[in-house]
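Working notes, structure below.
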Amino acid sequence: MTCFRIPTGILGGTFNPIHIGHLRSAEEIREAEGLSEIWFLPSAIPPHKDNIGVSFYHRLNMVRLSVEQCPFFSVLDIEGARRGPSFSIDTLKHLVAEFGDRRDFYFILGSDAFWGFKTWKDYVLFPEYAKLVIMLRDESGMSDLMGFAQSIWTDYRPSAQYPFRLVSRHFNEIIFHKVTNLAISSTKIRALCSNKRSIRFLVTDRVDEYISSNRLYSD
Ligand code: ATP
């Protein structure tokens, strides 16, 4: 008997702050892959970023404010409860142990993050636990990115059925998706705030208000 598992996306990030680039690309992946839900996971202590300045509490609140009106999106605060750096592989193993009997996980990340993937803890293990979904903002980089993935997982081959997918006989597929190129980053938003410039339409209205009322990023 085959058992239906709820296809569930996981989008981790520092979300310092969360912006519409994160939200729109998550929505496009949800639709393209037919995901029932996407779980946003703010990182408490991101291993790859120094001096992030804004607390987990504020970053989590901003994600909550951004997703609470979307029926498909929710936020998980589990990385806040763990000590030490928030390694994604540990979170993924935890989620699979807890929900793996009823959910299929899709671990989503941007191509910029994926290019640095070899610095992530136990990066080779990810496809054992989840499908990997890599979001590209420029399709011209597709073949380089697929080649990079095959340099890590040497037994993966392009799918005969679907373009932009790598498959292996043993583990989960690796999927590459073009998403709308919204050239927005949290870095840019922090810079705008510290220069007292508007961030309207780059983040949700509620996040814009939250940043102002908590005087975040204004130095
Ligand atoms: P920073 O500018 O502080 O480095 P960021 O904007 O890249 O932050 P993160 O929280 O580090 O935001 O990103 C979380 C995930 O979202 C990463 O996988 C990243 O590649 C992806 N991402 C970030 N910005 C965009 C965007 N504009 N469109 C699509 N994906 C994005």
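Lettering and numbering for the structure tokens are positional, with chains as A, B, ... in the shown order, residues counted from 1 in each chain, and ligands counted from 1 in the shown order.
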
Show me, as CSV, the residues of chain A having an atom within 7 Å of ligand 1, each with the closest atom pair and its distance in Å, using only C-alpha atoms and all ligand atoms.
```
residue,atom,partner,partner_atom_place_in_ligand_line,distance
A:Leu11,CA,ligand 1,15 (C),6.6
A:Gly12,CA,ligand 1,14 (C),5.8
A:Gly13,CA,ligand 1,14 (C),3.7
A:Thr14,CA,ligand 1,10 (O),3.8
A:Phe15,CA,ligand 1,10 (O),3.8
A:Asn16,CA,ligand 1,3 (O),5.9
A:Ile18,CA,ligand 1,10 (O),6.6
A:Gly21,CA,ligand 1,27 (N),3.7
A:His22,CA,ligand 1,31 (C),5.0
A:Ser25,CA,ligand 1,29 (C),5.2
A:Ile108,CA,ligand 1,18 (O),6.8
A:Leu109,CA,ligand 1,18 (O),3.6
A:Gly110,CA,ligand 1,20 (O),3.2
A:Ser111,CA,ligand 1,20 (O),5.8
A:Asp112,CA,ligand 1,20 (O),5.1
A:Ala113,CA,ligand 1,20 (O),4.7
A:Met135,CA,ligand 1,30 (N),6.6
A:Arg137,CA,ligand 1,29 (C),6.7
A:Val179,CA,ligand 1,29 (C),7.0
A:Asn181,CA,ligand 1,28 (N),6.4
A:Leu182,CA,ligand 1,27 (N),4.8
A:Ala183,CA,ligand 1,27 (N),5.1
A:Ile184,CA,ligand 1,27 (N),4.4
A:Ser185,CA,ligand 1,6 (O),3.4
A:Ser186,CA,ligand 1,6 (O),3.8
A:Thr187,CA,ligand 1,2 (O),3.7
A:Lys188,CA,ligand 1,2 (O),6.5
```

Which residues in segment 7-144 of chain A does DSSP call helix (DSSP H, G or I)? List them as a PyMOL selection string. chain A and resi 20-33+56-67+78-81+88-99+111-115+117-119+123-129+139-144

Selection above as a file: C-alpha atoms, as a PDB file, in the first residue's frame:
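Done, and the output landed in part-v4.pdb:
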```
ATOM      1  CA  ILE A  20       9.214  39.861  -0.702  1.00  0.00           C
ATOM      2  CA  GLY A  21      12.005  38.086  -2.637  1.00  0.00           C
ATOM      3  CA  HIS A  22      11.770  35.270  -0.078  1.00  0.00           C
ATOM      4  CA  LEU A  23       7.968  35.241  -0.103  1.00  0.00           C
ATOM      5  CA  ARG A  24       7.425  35.375  -3.848  1.00  0.00           C
ATOM      6  CA  SER A  25      10.033  32.731  -4.650  1.00  0.00           C
ATOM      7  CA  ALA A  26       8.574  30.415  -1.980  1.00  0.00           C
ATOM      8  CA  GLU A  27       5.144  30.897  -3.538  1.00  0.00           C
ATOM      9  CA  GLU A  28       6.439  30.098  -7.036  1.00  0.00           C
ATOM     10  CA  ILE A  29       8.148  26.920  -5.800  1.00  0.00           C
ATOM     11  CA  ARG A  30       5.018  25.908  -3.896  1.00  0.00           C
ATOM     12  CA  GLU A  31       2.915  26.223  -7.003  1.00  0.00           C
ATOM     13  CA  ALA A  32       5.400  24.601  -9.388  1.00  0.00           C
ATOM     14  CA  GLU A  33       6.022  21.586  -7.153  1.00  0.00           C
ATOM     15  CA  PHE A  56      16.199  35.707  16.760  1.00  0.00           C
ATOM     16  CA  TYR A  57      13.100  37.013  18.542  1.00  0.00           C
ATOM     17  CA  HIS A  58      12.707  39.990  16.176  1.00  0.00           C
ATOM     18  CA  ARG A  59      13.565  37.991  13.045  1.00  0.00           C
ATOM     19  CA  LEU A  60      11.073  35.305  14.020  1.00  0.00           C
ATOM     20  CA  ASN A  61       8.374  37.909  14.668  1.00  0.00           C
ATOM     21  CA  MET A  62       8.936  39.462  11.249  1.00  0.00           C
ATOM     22  CA  VAL A  63       8.607  36.075   9.545  1.00  0.00           C
ATOM     23  CA  ARG A  64       5.440  35.418  11.537  1.00  0.00           C
ATOM     24  CA  LEU A  65       3.950  38.776  10.492  1.00  0.00           C
ATOM     25  CA  SER A  66       4.808  38.067   6.846  1.00  0.00           C
ATOM     26  CA  VAL A  67       3.333  34.592   6.597  1.00  0.00           C
ATOM     27  CA  ILE A  78      12.764  25.116  16.474  1.00  0.00           C
ATOM     28  CA  GLU A  79      16.219  26.514  15.736  1.00  0.00           C
ATOM     29  CA  GLY A  80      15.717  29.023  18.575  1.00  0.00           C
ATOM     30  CA  ALA A  81      15.449  26.209  21.081  1.00  0.00           C
ATOM     31  CA  SER A  88      20.432  22.892   8.567  1.00  0.00           C
ATOM     32  CA  ILE A  89      21.256  19.190   8.384  1.00  0.00           C
ATOM     33  CA  ASP A  90      20.511  18.817  12.111  1.00  0.00           C
ATOM     34  CA  THR A  91      17.179  20.590  11.662  1.00  0.00           C
ATOM     35  CA  LEU A  92      16.329  18.453   8.658  1.00  0.00           C
ATOM     36  CA  LYS A  93      17.137  15.216  10.490  1.00  0.00           C
ATOM     37  CA  HIS A  94      15.006  16.385  13.391  1.00  0.00           C
ATOM     38  CA  LEU A  95      12.049  17.168  11.081  1.00  0.00           C
ATOM     39  CA  VAL A  96      12.336  13.848   9.261  1.00  0.00           C
ATOM     40  CA  ALA A  97      12.476  11.956  12.564  1.00  0.00           C
ATOM     41  CA  GLU A  98       9.402  13.770  13.817  1.00  0.00           C
ATOM     42  CA  PHE A  99       7.246  14.062  10.695  1.00  0.00           C
ATOM     43  CA  SER A 111      21.464  29.410  -5.976  1.00  0.00           C
ATOM     44  CA  ASP A 112      23.702  31.905  -4.125  1.00  0.00           C
ATOM     45  CA  ALA A 113      23.405  29.776  -0.993  1.00  0.00           C
ATOM     46  CA  PHE A 114      23.861  26.582  -3.022  1.00  0.00           C
ATOM     47  CA  TRP A 115      27.179  27.807  -4.492  1.00  0.00           C
ATOM     48  CA  PHE A 117      26.989  24.448  -0.123  1.00  0.00           C
ATOM     49  CA  LYS A 118      30.343  22.673   0.267  1.00  0.00           C
ATOM     50  CA  THR A 119      30.942  24.740   3.420  1.00  0.00           C
ATOM     51  CA  TYR A 123      26.198  18.752   2.890  1.00  0.00           C
ATOM     52  CA  VAL A 124      26.470  15.435   1.040  1.00  0.00           C
ATOM     53  CA  LEU A 125      23.744  13.947   3.226  1.00  0.00           C
ATOM     54  CA  PHE A 126      20.935  16.346   2.322  1.00  0.00           C
ATOM     55  CA  PRO A 127      19.335  14.248  -0.479  1.00  0.00           C
ATOM     56  CA  GLU A 128      19.092  11.307   1.921  1.00  0.00           C
ATOM     57  CA  TYR A 129      16.561  13.278   3.917  1.00  0.00           C
ATOM     58  CA  GLU A 139      18.367  30.608 -16.109  1.00  0.00           C
ATOM     59  CA  SER A 140      21.693  31.146 -17.869  1.00  0.00           C
ATOM     60  CA  GLY A 141      23.445  29.706 -14.814  1.00  0.00           C
ATOM     61  CA  MET A 142      21.447  26.459 -14.976  1.00  0.00           C
ATOM     62  CA  SER A 143      24.046  24.132 -16.529  1.00  0.00           C
ATOM     63  CA  ASP A 144      26.867  25.397 -14.274  1.00  0.00           C
TER      64      ASP A 144
END
```

What residues in segment 30-103 of chain A get the DSSP label strand (DSSP E)? Please answer as a list in words.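 The residues of segment 30-103 of chain A classed as strand (DSSP E) are Glu37, Ile38, Trp39, Phe40, Leu41, Pro42, Phe73, Ser74, Val75 and Arg103 of chain A.
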
Tell me which of A:Lys131, A:Arg200, A:Arg5, A:Arg190 sits closest to Arg165 of chain A, counting only C-alpha atoms.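 When distances to Arg165 of chain A are compared using only C-alpha atoms, the smallest one comes from A:Lys131.
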
Show which residues sit within 9 Å of Thr8 of chain A, as a list of chain:residue names. Count only C-alpha atoms, and ignore same-chain residues fewer than 3 positions away. A:Arg5, A:Arg30, A:Leu35, A:Ser36, A:Glu37, A:Ile38, A:Trp39, A:Arg103, A:Asp104, A:Phe105, A:Tyr106, A:Phe107

With distances taken over only C-alpha atoms, which residue among A:Pro17, A:Pro158, A:Pro7, A:Gly100 lies nearest Asp208 of chain A?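 Nearest to Asp208 of chain A: A:Pro17.
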
Looking at only C-alpha atoms, which of A:Ile10, A:Met146, A:Cys193, A:Leu41 is the one that sits closest to Pro163 of chain A?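 Of A:Ile10, A:Met146, A:Cys193, A:Leu41, the one nearest Pro163 of chain A, counting only C-alpha atoms, is A:Met146.
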
Could you work out how far atom CA of Phe176 of chain A lies from atom CA of Phe164 of chain A, giving the answer in Å with one decimal?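 Pair atom CA of Phe164 of chain A / atom CA of Phe176 of chain A returns 5.4 Å.
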
How many Å separate atom CA of Pro42 of chain A from atom CA of Phe87 of chain A?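 Here the two named atoms are 11.5 Å from each other.
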
Looking at A:Gly53, A:Glu173, A:Asp155, A:Gly34, which one is nearest to Phe72 of chain A, with distances taken over only C-alpha atoms?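 Closest to Phe72 of chain A of all the choices is A:Gly34.
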
In terms of the shortest atom-to-atom distance over only C-alpha atoms, which of A:Asn51, A:His19, A:Cys3, A:Thr154 is closest to Ile211 of chain A?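 Result for the nearest residue to Ile211 of chain A: A:His19.
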
Smallest atom-to-atom distance to Ile45 of chain A: which of A:Ser86, A:Gln69, A:Thr180, A:Ser74, using only C-alpha atoms? A:Ser86
